[in-house]
Each structure stands twice: as C-alpha cells, then as structure tokens.
file model06.csv (CSV, C-alpha atoms)
chain,number,residue,atom,x,y,z
Y,1,MET,CA,-5.4,-17.5,-17.8
Y,2,LYS,CA,-1.6,-17.0,-17.7
Y,3,ARG,CA,-2.1,-13.4,-16.7
Y,4,LEU,CA,-4.3,-14.4,-13.8
Y,5,GLY,CA,-1.7,-16.8,-12.7
Y,6,ILE,CA,1.0,-14.1,-12.9
Y,7,SER,CA,-1.3,-11.8,-10.8
Y,8,PHE,CA,-1.8,-14.5,-8.2
Y,9,PHE,CA,2.0,-15.2,-8.1
Y,10,ALA,CA,2.8,-11.5,-7.8
Y,11,GLY,CA,0.4,-11.1,-4.9
Y,12,PHE,CA,1.8,-14.2,-3.2
Y,13,VAL,CA,5.4,-13.1,-3.5
Y,14,PHE,CA,4.5,-9.5,-2.5
Y,15,ALA,CA,2.9,-10.8,0.7
Y,16,ILE,CA,6.0,-12.9,1.5
Y,17,GLY,CA,8.1,-9.9,1.0
Y,18,LEU,CA,6.0,-7.8,3.4
Y,19,GLY,CA,6.2,-10.5,6.0
Y,20,VAL,CA,9.9,-11.1,5.7
Y,21,SER,CA,10.7,-7.3,5.7
Y,22,GLY,CA,8.8,-6.9,9.0
Y,23,MET,CA,6.2,-4.6,7.4
Y,24,THR,CA,3.2,-6.7,8.5
Y,25,ARG,CA,4.0,-5.7,12.1
Y,26,PRO,CA,2.5,-2.3,12.8
Y,27,SER,CA,5.1,-1.7,15.6
Y,28,LYS,CA,7.9,-1.7,12.9
Y,29,VAL,CA,6.0,0.9,10.8
Y,30,ILE,CA,5.2,3.1,13.7
Y,31,GLY,CA,8.8,2.7,14.8
Y,32,PHE,CA,9.9,4.2,11.5
Y,33,LEU,CA,7.5,7.1,11.7
Y,34,ASP,CA,8.6,7.9,15.3
Y,35,PHE,CA,11.6,10.0,14.2
Y,36,THR,CA,12.0,11.6,17.6
Y,37,GLY,CA,11.6,8.4,19.6
Y,38,ALA,CA,13.3,5.0,19.3
Y,39,TRP,CA,13.6,5.4,15.6
Y,40,ASP,CA,13.6,2.1,13.5
Y,41,PRO,CA,14.9,2.8,10.0
Y,42,SER,CA,13.9,-0.7,8.7
Y,43,LEU,CA,11.1,0.7,6.5
Y,44,ALA,CA,13.6,2.8,4.6
Y,45,LEU,CA,15.6,-0.3,3.8
Y,46,VAL,CA,12.4,-2.1,2.6
Y,47,MET,CA,11.8,0.9,0.3
Y,48,ILE,CA,15.4,1.0,-1.0
Y,49,GLY,CA,15.4,-2.8,-1.7
Y,50,ALA,CA,12.1,-2.6,-3.6
Y,51,MET,CA,13.0,0.5,-5.5
Y,52,MET,CA,16.4,-0.8,-6.7
Y,53,ILE,CA,14.6,-3.8,-8.3
Y,54,TYR,CA,11.7,-1.8,-9.6
Y,55,PHE,CA,14.0,0.9,-11.0
Y,56,ALA,CA,15.7,-1.8,-13.1
Y,57,ALA,CA,12.4,-3.3,-14.2
Y,58,TRP,CA,11.3,0.2,-15.3
Y,59,ARG,CA,14.4,0.6,-17.5
Y,60,ILE,CA,13.5,-2.7,-19.1
Y,61,ARG,CA,9.9,-1.5,-19.5
Y,62,LEU,CA,11.1,1.6,-21.3
Y,63,ARG,CA,12.8,-0.5,-23.9
Y,64,SER,CA,9.8,-2.9,-24.4
Y,65,SER,CA,6.9,-2.1,-26.7
Y,66,ALA,CA,4.5,-4.3,-24.7
Y,67,PRO,CA,4.5,-6.5,-21.6
Y,68,ILE,CA,5.2,-10.2,-22.1
Y,69,LEU,CA,1.6,-11.4,-21.7
Y,70,ALA,CA,-0.5,-8.3,-22.5
Y,71,ALA,CA,-1.2,-6.0,-25.5
Y,72,ALA,CA,-0.1,-2.8,-23.7
Y,73,PHE,CA,1.3,-1.4,-20.5
Y,74,SER,CA,-1.4,0.4,-18.4
Y,75,ILE,CA,0.6,3.1,-16.7
Y,76,PRO,CA,-0.9,6.3,-15.2
Y,77,GLU,CA,0.0,9.3,-17.4
Y,78,ARG,CA,-1.0,12.2,-15.2
Y,79,LYS,CA,1.8,14.5,-14.3
Y,80,SER,CA,0.2,17.4,-12.4
Y,81,VAL,CA,0.3,17.6,-8.6
Y,82,SER,CA,-3.2,18.3,-7.5
Y,83,GLY,CA,-4.8,19.4,-4.3
Y,84,ALA,CA,-6.6,16.0,-4.2
Y,85,LEU,CA,-3.3,14.2,-4.5
Y,86,VAL,CA,-1.8,16.0,-1.5
Y,87,ALA,CA,-5.0,16.0,0.6
Y,88,GLY,CA,-5.5,12.3,-0.1
Y,89,ALA,CA,-1.9,11.4,0.8
Y,90,ALA,CA,-2.1,13.5,4.0
Y,91,ILE,CA,-5.3,11.7,5.0
Y,92,PHE,CA,-3.8,8.3,4.2
Y,93,GLY,CA,-0.8,9.2,6.3
Y,94,VAL,CA,-2.9,10.0,9.3
Y,95,GLY,CA,-4.6,6.6,9.2
Y,96,TRP,CA,-1.2,4.9,8.5
Y,97,GLY,CA,0.4,6.7,11.6
Y,98,LEU,CA,-2.6,5.9,13.8
Y,99,SER,CA,-2.6,2.2,13.0
Y,100,GLY,CA,0.7,1.2,11.5
Y,101,PHE,CA,-1.2,-0.5,8.7
Y,102,CYS,CA,-1.3,0.4,5.0
Y,103,PRO,CA,-3.4,-1.6,2.5
Y,104,GLY,CA,-0.8,-4.4,1.5
Y,105,PRO,CA,0.1,-5.4,5.1
Y,106,ALA,CA,-3.5,-5.2,6.2
Y,107,ILE,CA,-4.7,-7.6,3.4
Y,108,THR,CA,-1.8,-9.9,4.0
Y,109,SER,CA,-2.4,-9.9,7.7
Y,110,LEU,CA,-6.1,-11.0,7.2
Y,111,ALA,CA,-4.5,-14.5,7.1
Y,112,SER,CA,-3.6,-14.1,10.8
Y,113,GLY,CA,-7.3,-14.5,11.5
Y,114,ARG,CA,-7.0,-11.6,14.1
Y,115,LEU,CA,-10.1,-9.5,14.6
Y,116,PRO,CA,-8.3,-6.1,14.8
Y,117,VAL,CA,-7.0,-6.7,11.2
Y,118,LEU,CA,-10.4,-7.6,10.0
Y,119,VAL,CA,-11.9,-4.4,11.6
Y,120,PHE,CA,-9.2,-2.3,10.0
Y,121,THR,CA,-9.7,-3.8,6.5
Y,122,ALA,CA,-13.5,-3.6,6.7
Y,123,ALA,CA,-13.2,0.1,7.6
Y,124,MET,CA,-10.7,0.5,4.8
Y,125,ALA,CA,-13.3,-1.0,2.3
Y,126,LEU,CA,-15.9,1.4,3.7
Y,127,GLY,CA,-13.5,4.4,3.2
Y,128,VAL,CA,-13.0,3.3,-0.4
Y,129,TYR,CA,-16.8,3.0,-0.8
Y,130,LEU,CA,-17.5,6.4,0.7
Y,131,HIS,CA,-15.0,8.0,-1.7
Y,132,GLY,CA,-16.7,6.4,-4.6
Y,133,ALA,CA,-20.2,7.4,-3.3
Y,134,ILE,CA,-19.2,11.0,-2.8
Y,135,GLN,CA,-17.6,11.1,-6.3
Y,136,LYS,CA,-20.9,9.8,-7.8
Y,137,LEU,CA,-22.9,12.4,-5.9
Y,138,ARG,CA,-20.7,15.2,-7.3
Y,139,LEU,CA,-21.0,13.8,-10.8
Y,140,THR,CA,-24.8,13.7,-10.6
Y,141,ALA,CA,-24.9,17.1,-9.1
Y,142,GLY,CA,-23.2,18.3,-12.2
Y,143,ARG,CA,-20.4,20.1,-10.4
Y,144,PRO,CA,-16.9,19.8,-11.7
Y,145,VAL,CA,-15.2,16.7,-10.3
Y,146,SER,CA,-12.1,17.5,-8.3
Y,147,LEU,CA,-12.0,14.1,-6.5
Y,148,ALA,CA,-9.5,11.8,-8.0
Y,149,GLY,CA,-10.6,9.9,-11.1
Y,150,TYR,CA,-8.3,7.1,-12.1
Y,151,ALA,CA,-5.4,5.6,-10.4
Y,152,ASP,CA,-1.7,6.0,-10.2
Y,153,SER,CA,-1.3,2.9,-8.4
L,1,MET,CA,17.7,1.8,16.9
L,2,GLN,CA,17.4,-1.5,18.9
L,3,ASN,CA,14.6,-2.8,16.7
L,4,PHE,CA,16.5,-2.2,13.4
L,5,THR,CA,16.4,-5.2,11.1
L,6,PRO,CA,18.6,-4.2,8.1
L,7,LEU,CA,19.1,-7.5,6.4
L,8,SER,CA,15.6,-9.0,6.6
L,9,SER,CA,14.1,-5.6,5.7
L,10,LEU,CA,16.4,-5.1,2.7
L,11,GLY,CA,15.8,-8.7,1.6
L,12,GLY,CA,12.0,-8.4,2.1
L,13,GLY,CA,12.1,-5.1,0.1
L,14,ILE,CA,13.9,-6.9,-2.8
L,15,ILE,CA,11.2,-9.6,-2.8
L,16,ILE,CA,8.5,-6.9,-2.9
L,17,GLY,CA,10.4,-5.3,-5.8
L,18,LEU,CA,10.5,-8.6,-7.7
L,19,ALA,CA,6.8,-9.1,-7.2
L,20,ALA,CA,5.9,-5.6,-8.5
L,21,SER,CA,8.4,-6.0,-11.4
L,22,THR,CA,6.8,-9.3,-12.4
L,23,LEU,CA,3.4,-7.7,-12.5
L,24,LEU,CA,4.8,-4.8,-14.6
L,25,LEU,CA,6.8,-6.8,-17.1
L,26,PHE,CA,4.4,-9.7,-17.7
L,27,ASN,CA,1.0,-8.0,-17.3
L,28,GLY,CA,1.8,-4.4,-17.8
L,29,LYS,CA,0.1,-3.4,-14.5
L,30,ILE,CA,1.3,-1.3,-11.5
L,31,ALA,CA,1.3,-3.1,-8.2
L,32,GLY,CA,-0.7,-0.5,-6.3
L,33,ILE,CA,-2.4,-2.4,-3.5
L,34,SER,CA,-4.9,0.3,-2.7
L,35,ASP,CA,-6.0,0.5,-6.4
L,36,ILE,CA,-6.2,-3.3,-6.6
L,37,PHE,CA,-8.3,-3.4,-3.4
L,38,ALA,CA,-10.6,-0.6,-4.6
L,39,GLY,CA,-11.3,-2.8,-7.7
L,40,LEU,CA,-12.8,-5.3,-5.4
L,41,VAL,CA,-15.0,-2.8,-3.5
L,42,TYR,CA,-16.2,-1.4,-6.9
L,43,PRO,CA,-16.1,-4.5,-9.1
L,44,ALA,CA,-17.9,-2.6,-11.8
L,45,ARG,CA,-14.5,-1.1,-12.7
L,46,THR,CA,-12.8,-2.8,-15.6
L,47,ASP,CA,-10.2,-5.5,-15.2
L,48,THR,CA,-11.6,-7.0,-12.0
L,49,GLY,CA,-10.2,-10.5,-12.6
L,50,TRP,CA,-6.5,-9.8,-12.2
L,51,ARG,CA,-7.2,-7.8,-9.0
L,52,VAL,CA,-9.2,-10.6,-7.4
L,53,SER,CA,-6.4,-13.0,-8.4
L,54,PHE,CA,-3.7,-10.7,-6.9
L,55,ILE,CA,-5.6,-10.4,-3.6
L,56,LEU,CA,-6.1,-14.2,-3.4
L,57,GLY,CA,-2.3,-14.5,-4.0
L,58,MET,CA,-1.7,-12.1,-1.1
L,59,LEU,CA,-4.0,-14.0,1.2
L,60,SER,CA,-2.3,-17.3,0.3
L,61,GLY,CA,1.1,-15.7,0.9
L,62,GLY,CA,-0.3,-14.6,4.3
L,63,LEU,CA,-1.3,-18.1,5.1
L,64,LEU,CA,2.1,-19.4,4.3
L,65,LEU,CA,3.6,-16.8,6.6
L,66,ARG,CA,1.2,-17.9,9.3
L,67,LEU,CA,2.4,-21.5,9.0
L,68,TRP,CA,6.1,-21.0,8.4
L,69,TYR,CA,7.0,-17.5,9.7
L,70,PRO,CA,4.4,-16.7,12.4
L,71,ARG,CA,6.6,-13.9,13.6
L,72,ALA,CA,5.3,-11.8,10.7
L,73,PHE,CA,2.0,-11.5,12.7
L,74,ASP,CA,3.5,-10.7,16.0
L,75,PHE,CA,1.2,-7.7,16.6
L,76,GLY,CA,2.7,-6.4,19.9
L,77,GLY,CA,1.6,-2.9,20.8
L,78,LEU,CA,-1.5,-2.9,18.5
L,79,ARG,CA,-3.7,0.1,18.7
L,80,SER,CA,-7.3,-0.2,20.1
L,81,ILE,CA,-10.1,-1.5,17.9
L,82,GLY,CA,-11.7,2.0,17.8
L,83,ALA,CA,-8.4,3.6,16.6
L,84,LEU,CA,-8.0,0.9,14.0
L,85,ALA,CA,-11.5,1.4,12.7
L,86,ILE,CA,-11.0,5.2,12.3
L,87,ALA,CA,-7.5,4.6,10.8
L,88,GLY,CA,-9.0,2.1,8.3
L,89,LEU,CA,-11.6,4.6,7.1
L,90,LEU,CA,-8.9,7.3,6.6
L,91,VAL,CA,-6.6,4.9,4.8
L,92,GLY,CA,-9.4,3.7,2.4
L,93,PHE,CA,-10.7,7.2,1.7
L,94,GLY,CA,-7.2,8.9,1.6
L,95,THR,CA,-5.7,6.4,-0.8
L,96,ARG,CA,-8.6,6.8,-3.3
L,97,LEU,CA,-8.5,10.6,-3.1
L,98,GLY,CA,-4.7,10.6,-3.5
L,99,ASN,CA,-4.6,7.7,-6.0
L,100,GLY,CA,-2.3,5.4,-4.2
L,101,CYS,CA,-0.5,4.2,-1.1
L,102,THR,CA,3.0,3.0,0.0
L,103,SER,CA,3.1,0.5,-2.9
L,104,GLY,CA,1.7,2.4,-5.9
L,105,HIS,CA,3.2,5.8,-5.0
L,106,GLY,CA,6.0,4.7,-2.7
L,107,VAL,CA,7.6,1.7,-4.4
L,108,CYS,CA,6.3,1.9,-8.0
L,109,GLY,CA,5.9,5.6,-8.4
L,110,VAL,CA,9.1,6.9,-6.9
L,111,SER,CA,11.2,4.3,-8.8
L,112,ARG,CA,9.8,5.5,-12.1
L,113,LEU,CA,10.7,9.0,-11.0
L,114,SER,CA,7.1,10.3,-10.9
L,115,THR,CA,6.8,13.8,-9.4
L,116,ARG,CA,3.2,13.1,-8.3
L,117,SER,CA,4.3,9.9,-6.5
L,118,ALA,CA,7.3,11.6,-4.8
L,119,VAL,CA,5.0,14.4,-3.5
L,120,ALA,CA,2.5,11.9,-2.3
L,121,THR,CA,5.1,9.8,-0.6
L,122,ILE,CA,6.7,12.7,1.2
L,123,THR,CA,3.2,13.9,2.3
L,124,PHE,CA,2.1,10.6,3.8
L,125,ILE,CA,5.3,10.0,5.6
L,126,ALA,CA,5.1,13.6,7.0
L,127,SER,CA,1.5,13.3,8.2
L,128,GLY,CA,2.1,9.8,9.5
L,129,ALA,CA,5.1,11.0,11.5
L,130,ALA,CA,3.1,13.9,12.8
L,131,VAL,CA,0.4,11.5,14.1
L,132,VAL,CA,2.9,9.2,15.7
L,133,PHE,CA,4.6,12.2,17.4
L,134,VAL,CA,1.2,13.2,18.9
L,135,VAL,CA,0.3,9.6,19.9
L,136,ASN,CA,3.7,8.5,21.2
L,137,HIS,CA,5.0,11.7,22.7
L,138,MET,CA,1.9,13.7,23.7
L,139,LEU,CA,-0.7,11.0,24.5
L,140,GLY,CA,1.7,8.6,26.1
L,141,GLY,CA,1.7,6.0,23.3
L,142,SER,CA,-1.7,4.4,23.9
L,143,ILE,CA,-4.8,5.0,21.8
call {"tool": "encode", "arguments": {"input": "model06.csv", "output": "structure tokens"}}
result
Amino acid sequence: MKRLGISFFAGFVFAIGLGVSGMTRPSKVIGFLDFTGAWDPSLALVMIGAMMIYFAAWRIRLRSSAPILAAAFSIPERKSVSGALVAGAAIFGVGWGLSGFCPGPAITSLASGRLPVLVFTAAMALGVYLHGAIQKLRLTAGRPVSLAGYADS
Amino acid sequence: MQNFTPLSSLGGGIIIGLAASTLLLFNGKIAGISDIFAGLVYPARTDTGWRVSFILGMLSGGLLLRLWYPRAFDFGGLRSIGALAIAGLLVGFGTRLGNGCTSGHGVCGVSRLSTRSAVATITFIASGAAVVFVVNHMLGGSI
C-alpha cells in the first residue's frame, strides 16, 4: 500500500515538474529540436536539472542493498546496443519531432481535456499494442525474436 | 533564443529528478513513462498496480496544473489532428521497440551512465531534429 502511495506521489510530482519546466507545451519541445531555427535550449536545462538529481540518487542506490520499501531494485541489466534499440529510438524521435509530445507530457496533458492530446495518447496506446501484437506473432511463428523484450525504462 | 526559460526549466527538471529518484530509492523502480504506460496497455504484464498508481498520480498532477498553472497547457502552434495521430502511433511503437523514451533513456538511463540509453537518447534527438528541420524549414512549419 505504501509502495502504491509512493508511485502515485512520484507520478504526481513528475507531472508538476513537466508542467513547470515547460515540457507539456509541444512548442517548447519543437523549439529545442529546431537547431537551425529559433532554437530554444530549455529542454537541455530540464535534462540537466533532472540528471543532476538522479545521478546523486543513483550513487545512493549503488550503496544500498535494497530500496526502502521493496525487496530488490528492478533495474535493466542489458548492456548491448541492438538494432532494435536504435531503430526504436529513431522511430520514437520521428513521432516526437512531428508532434512535440513524448509519453510523459502527453499523459499529463490529458488533464487539459483537449481532444488533440486524447487523439495522440490513444494513437500511442495503439502503437504499443501493435508492437506487442507483432512480437506475439513472431513468437508463435517460431522465428527468433529480435523485437525488444523487456524494458530499460 | 527569445523563448528560452532557463530558471523554470532547470527548476522543473530538478522536480522531475526528485520524482524519479523517489521511485528509485523507495520502490526500486525506474521512472520510464513509456514502460509504465505500456503496462496499462498490456495489463497482463507483472507489476500492474504501481503503474496504474503512477499514471493516476500524473493525471492528478495534470489537474493541479490545469487549476493553478494553466500556462502549462498553452498549446499554441499545435500540429493537426492527423499529424498527431501518426506521431502517437510512432511514439507508442518506437518506444516499445527501443525500450524507452525521454524519461527512461534520457533522464534515468543517461544519469546512470548506460551506454544503451546514451545511444538511444542521441538517436531520438537526432531523428526528432531531422523531422523538425523538414517540417519547419522545408514544409513551412505547418502540418
């Protein structure tokens, strides 16, 4: 129960951070990606701020045997850079550049009640579903699975 | 750089870092939003409860922003519904194939010095920038 409370709290605070940082506004994200236009470096500062804190938290994690409320850390262990990783990131980037939305800001922005955000998020769910469906097809076809298995994130 | 907001962006980033650190140090989980969201699309995956809880927290945070900081949802220059639908599909599919997005790879992965995450982050910023270049400088900025 405490763990669910922490999850809720983390999601809540994450959303506030996205809103305060400007990242719920697609124009800010597209402004960052527009390196040859009216470049807006704000997104880089969001990343730097978040990484400073998380880097410190990771140092603490390395010295802890277990998290405060759970039996173990669940951290992705994979190290290899695969074709799927690069292809997936490239495809994600195309969608990100087209819209200015990535998953966190899109979910947070559902609270705005605006139809375009709902359309984006529903399409995102469909994309996740399609990936799972294709992976299942490949599994049942008995071919080696090269689509990504478990998550880094 | 007339739209640059260094203070609020750095401050917001620190808040995001605190949220992700809380989830790591208390629950041992990585705050990768695309992975958390995928757990709702495929609820058969293990550990669905904390994912639902995180998303409900995000939506509540969004509602608070709507009440107290409506500027967060100032969506000037939004792309067309058709472009957003295609983009959503690509974001959903791509983040699953690549195992993460701006939060899981960008914030959490790069900070723990993961090579996979650094490669993913450079890749999605590069492809995102390429698309924005095409849209803004070859298609006149409206799609």
call {"tool": "residues_near_point", "arguments": {"input": "model06.csv", "point": "(5.5, 9.9, -13.7)", "cutoff": "9 Å", "atoms": "only C-alpha atoms", "output": "MDAnalysis selection string"}}
result
(chainID Y and resid 75:79 152) or (chainID L and resid 109:110 112:117)
call {"tool": "residues_around", "arguments": {"input": "model06.csv", "residues": "Arg79 (chain L)", "least_positions_apart": "6", "cutoff": "9 Å", "atoms": "all atoms listed in the file", "output": "ChimeraX atom specification"}}
result
/Y:26,98-100,116 /L:142-143
call {"tool": "write_last_selection", "arguments": {"input": "model06.csv", "atoms": "C-alpha atoms", "output": "PDB file, keeping the file's coordinate frame"}}
result
ATOM      1  CA  PRO Y  26       2.500  -2.300  12.800  1.00  0.00           C
ATOM      2  CA  LEU Y  98      -2.600   5.900  13.800  1.00  0.00           C
ATOM      3  CA  SER Y  99      -2.600   2.200  13.000  1.00  0.00           C
ATOM      4  CA  GLY Y 100       0.700   1.200  11.500  1.00  0.00           C
ATOM      5  CA  PRO Y 116      -8.300  -6.100  14.800  1.00  0.00           C
TER       6      PRO Y 116
ATOM      7  CA  SER L 142      -1.700   4.400  23.900  1.00  0.00           C
ATOM      8  CA  ILE L 143      -4.800   5.000  21.800  1.00  0.00           C
TER       9      ILE L 143
END
call {"tool": "closest_residue", "arguments": {"input": "model06.csv", "among": "Y:Val117, Y:Ala50, Y:Leu137, Y:Met124", "to": "Leu89 (chain L)", "atoms": "all atoms listed in the file"}}
result
Y:Met124
call {"tool": "atom_distance", "arguments": {"input": "model06.csv", "atom1": "CA of Leu64 (chain L)", "atom2": "CA of Pro6 (chain L)"}}
result
22.8 Å
call {"tool": "atom_distance", "arguments": {"input": "model06.csv", "atom1": "CA of Ala70 (chain Y)", "atom2": "CA of Phe37 (chain L)"}}
result
21.2 Å
call {"tool": "closest_residue", "arguments": {"input": "model06.csv", "among": "L:Gln2, L:Gly32, L:Leu67, L:Met138", "to": "chain Y", "atoms": "all atoms listed in the file"}}
result
L:Gly32
call {"tool": "residues_around", "arguments": {"input": "model06.csv", "residues": "Ile36 (chain L)", "least_positions_apart": "3", "cutoff": "8 Å", "atoms": "all atoms listed in the file", "output": "PDB file with C-alpha atoms, keeping the file's coordinate frame"}}
result
ATOM      1  CA  ALA L  31       1.300  -3.100  -8.200  1.00  0.00           C
ATOM      2  CA  GLY L  32      -0.700  -0.500  -6.300  1.00  0.00           C
ATOM      3  CA  ILE L  33      -2.400  -2.400  -3.500  1.00  0.00           C
ATOM      4  CA  GLY L  39     -11.300  -2.800  -7.700  1.00  0.00           C
ATOM      5  CA  LEU L  40     -12.800  -5.300  -5.400  1.00  0.00           C
ATOM      6  CA  ARG L  51      -7.200  -7.800  -9.000  1.00  0.00           C
ATOM      7  CA  VAL L  52      -9.200 -10.600  -7.400  1.00  0.00           C
ATOM      8  CA  PHE L  54      -3.700 -10.700  -6.900  1.00  0.00           C
ATOM      9  CA  ILE L  55      -5.600 -10.400  -3.600  1.00  0.00           C
TER      10      ILE L  55
END
call {"tool": "atom_distance", "arguments": {"input": "model06.csv", "atom1": "CA of Ile48 (chain Y)", "atom2": "CA of Phe73 (chain Y)"}}
result
24.2 Å
call {"tool": "closest_residue", "arguments": {"input": "model06.csv", "among": "L:Gly11, L:Gly62, L:Gly98, L:Gly28", "to": "Phe12 (chain Y)", "atoms": "only C-alpha atoms"}}
result
L:Gly62
call {"tool": "residues_near_point", "arguments": {"input": "model06.csv", "point": "(-9.2, 7.8, 2.9)", "cutoff": "8 Å", "atoms": "all atoms listed in the file", "output": "NGL selection string"}}
result
(:Y and (88 or 91-92 or 95 or 124 or 127-128 or 131)) or (:L and (88-97))
call {"tool": "residues_around", "arguments": {"input": "model06.csv", "residues": "Met52 (chain Y)", "least_positions_apart": "5", "cutoff": "9 Å", "atoms": "all atoms listed in the file", "output": "PDB file with C-alpha atoms, in the frame of the given file"}}
result
ATOM      1  CA  MET Y  47      11.800   0.900   0.300  1.00  0.00           C
ATOM      2  CA  ALA Y  57      12.400  -3.300 -14.200  1.00  0.00           C
TER       3      ALA Y  57
ATOM      4  CA  ILE L  14      13.900  -6.900  -2.800  1.00  0.00           C
ATOM      5  CA  GLY L  17      10.400  -5.300  -5.800  1.00  0.00           C
ATOM      6  CA  SER L 111      11.200   4.300  -8.800  1.00  0.00           C
TER       7      SER L 111
END
call {"tool": "closest_residue", "arguments": {"input": "model06.csv", "among": "Y:Cys102, Y:Val119, Y:Ile6, Y:Ala133", "to": "Ile68 (chain Y)", "atoms": "only C-alpha atoms"}}
result
Y:Ile6
call {"tool": "residues_around", "arguments": {"input": "model06.csv", "residues": "Lys2 (chain Y)", "least_positions_apart": "2", "cutoff": "12 Å", "atoms": "all atoms listed in the file", "output": "PyMOL selection string"}}
result
(chain Y and resi 4-9+68-70) or (chain L and resi 23+26-27+49-50+53)
call {"tool": "closest_residue", "arguments": {"input": "model06.csv", "among": "Y:Phe35, Y:Ala66, Y:Val46, Y:Ser82", "to": "chain L", "atoms": "all atoms listed in the file"}}
result
Y:Val46
call {"tool": "closest_residue", "arguments": {"input": "model06.csv", "among": "L:Gly141, L:Gly100, L:Gly82, L:Gly76", "to": "Thr121 (chain L)", "atoms": "all atoms listed in the file"}}
result
L:Gly100
call {"tool": "decode", "arguments": {"input": "model06.csv", "residues": "region 107-129 of chain L", "atoms": "N, CA and C atoms", "output": "PDB file, in the first residue's frame"}}
result
ATOM      1  N   VAL L 107      16.441  10.719 -18.980  1.00  0.00           N
ATOM      2  CA  VAL L 107      16.744  11.125 -17.607  1.00  0.00           C
ATOM      3  C   VAL L 107      17.406   9.988 -16.823  1.00  0.00           C
ATOM      4  N   CYS L 108      16.707   8.850 -16.702  1.00  0.00           N
ATOM      5  CA  CYS L 108      17.203   7.795 -15.805  1.00  0.00           C
ATOM      6  C   CYS L 108      18.415   7.069 -16.388  1.00  0.00           C
ATOM      7  N   GLY L 109      18.363   6.735 -17.683  1.00  0.00           N
ATOM      8  CA  GLY L 109      19.423   5.933 -18.282  1.00  0.00           C
ATOM      9  C   GLY L 109      20.747   6.672 -18.392  1.00  0.00           C
ATOM     10  N   VAL L 110      20.711   7.885 -18.922  1.00  0.00           N
ATOM     11  CA  VAL L 110      21.958   8.631 -19.108  1.00  0.00           C
ATOM     12  C   VAL L 110      22.602   8.933 -17.753  1.00  0.00           C
ATOM     13  N   SER L 111      21.780   9.246 -16.731  1.00  0.00           N
ATOM     14  CA  SER L 111      22.344   9.562 -15.405  1.00  0.00           C
ATOM     15  C   SER L 111      23.020   8.368 -14.757  1.00  0.00           C
ATOM     16  N   ARG L 112      22.572   7.149 -15.122  1.00  0.00           N
ATOM     17  CA  ARG L 112      23.291   6.011 -14.541  1.00  0.00           C
ATOM     18  C   ARG L 112      24.339   5.486 -15.524  1.00  0.00           C
ATOM     19  N   LEU L 113      24.687   6.352 -16.482  1.00  0.00           N
ATOM     20  CA  LEU L 113      25.794   6.117 -17.406  1.00  0.00           C
ATOM     21  C   LEU L 113      25.613   4.832 -18.225  1.00  0.00           C
ATOM     22  N   SER L 114      24.366   4.592 -18.671  1.00  0.00           N
ATOM     23  CA  SER L 114      24.085   3.434 -19.509  1.00  0.00           C
ATOM     24  C   SER L 114      24.385   3.775 -20.972  1.00  0.00           C
ATOM     25  N   THR L 115      25.235   2.948 -21.591  1.00  0.00           N
ATOM     26  CA  THR L 115      25.581   3.193 -22.998  1.00  0.00           C
ATOM     27  C   THR L 115      24.358   3.064 -23.889  1.00  0.00           C
ATOM     28  N   ARG L 116      23.540   2.022 -23.621  1.00  0.00           N
ATOM     29  CA  ARG L 116      22.316   1.827 -24.404  1.00  0.00           C
ATOM     30  C   ARG L 116      21.456   3.089 -24.389  1.00  0.00           C
ATOM     31  N   SER L 117      21.282   3.649 -23.196  1.00  0.00           N
ATOM     32  CA  SER L 117      20.417   4.819 -23.065  1.00  0.00           C
ATOM     33  C   SER L 117      21.031   6.044 -23.736  1.00  0.00           C
ATOM     34  N   ALA L 118      22.354   6.180 -23.650  1.00  0.00           N
ATOM     35  CA  ALA L 118      23.004   7.322 -24.297  1.00  0.00           C
ATOM     36  C   ALA L 118      22.838   7.230 -25.809  1.00  0.00           C
ATOM     37  N   VAL L 119      23.012   6.023 -26.363  1.00  0.00           N
ATOM     38  CA  VAL L 119      22.832   5.830 -27.809  1.00  0.00           C
ATOM     39  C   VAL L 119      21.381   6.127 -28.200  1.00  0.00           C
ATOM     40  N   ALA L 120      20.428   5.623 -27.413  1.00  0.00           N
ATOM     41  CA  ALA L 120      19.012   5.860 -27.713  1.00  0.00           C
ATOM     42  C   ALA L 120      18.701   7.353 -27.673  1.00  0.00           C
ATOM     43  N   THR L 121      19.225   8.050 -26.655  1.00  0.00           N
ATOM     44  CA  THR L 121      18.918   9.472 -26.484  1.00  0.00           C
ATOM     45  C   THR L 121      19.467  10.298 -27.644  1.00  0.00           C
ATOM     46  N   ILE L 122      20.708  10.020 -28.028  1.00  0.00           N
ATOM     47  CA  ILE L 122      21.298  10.740 -29.166  1.00  0.00           C
ATOM     48  C   ILE L 122      20.481  10.449 -30.426  1.00  0.00           C
ATOM     49  N   THR L 123      20.050   9.192 -30.576  1.00  0.00           N
ATOM     50  CA  THR L 123      19.287   8.810 -31.768  1.00  0.00           C
ATOM     51  C   THR L 123      17.944   9.531 -31.842  1.00  0.00           C
ATOM     52  N   PHE L 124      17.188   9.550 -30.717  1.00  0.00           N
ATOM     53  CA  PHE L 124      15.866  10.191 -30.849  1.00  0.00           C
ATOM     54  C   PHE L 124      15.958  11.713 -30.935  1.00  0.00           C
ATOM     55  N   ILE L 125      16.991  12.302 -30.370  1.00  0.00           N
ATOM     56  CA  ILE L 125      17.145  13.754 -30.550  1.00  0.00           C
ATOM     57  C   ILE L 125      17.522  14.033 -32.015  1.00  0.00           C
ATOM     58  N   ALA L 126      18.380  13.187 -32.590  1.00  0.00           N
ATOM     59  CA  ALA L 126      18.787  13.395 -33.988  1.00  0.00           C
ATOM     60  C   ALA L 126      17.600  13.204 -34.932  1.00  0.00           C
ATOM     61  N   SER L 127      16.821  12.136 -34.766  1.00  0.00           N
ATOM     62  CA  SER L 127      15.714  11.930 -35.704  1.00  0.00           C
ATOM     63  C   SER L 127      14.618  12.971 -35.473  1.00  0.00           C
ATOM     64  N   GLY L 128      14.421  13.371 -34.206  1.00  0.00           N
ATOM     65  CA  GLY L 128      13.447  14.428 -33.925  1.00  0.00           C
ATOM     66  C   GLY L 128      13.861  15.735 -34.586  1.00  0.00           C
ATOM     67  N   ALA L 129      15.143  16.074 -34.484  1.00  0.00           N
ATOM     68  CA  ALA L 129      15.644  17.311 -35.084  1.00  0.00           C
ATOM     69  C   ALA L 129      15.521  17.260 -36.606  1.00  0.00           C
TER      70      ALA L 129
END
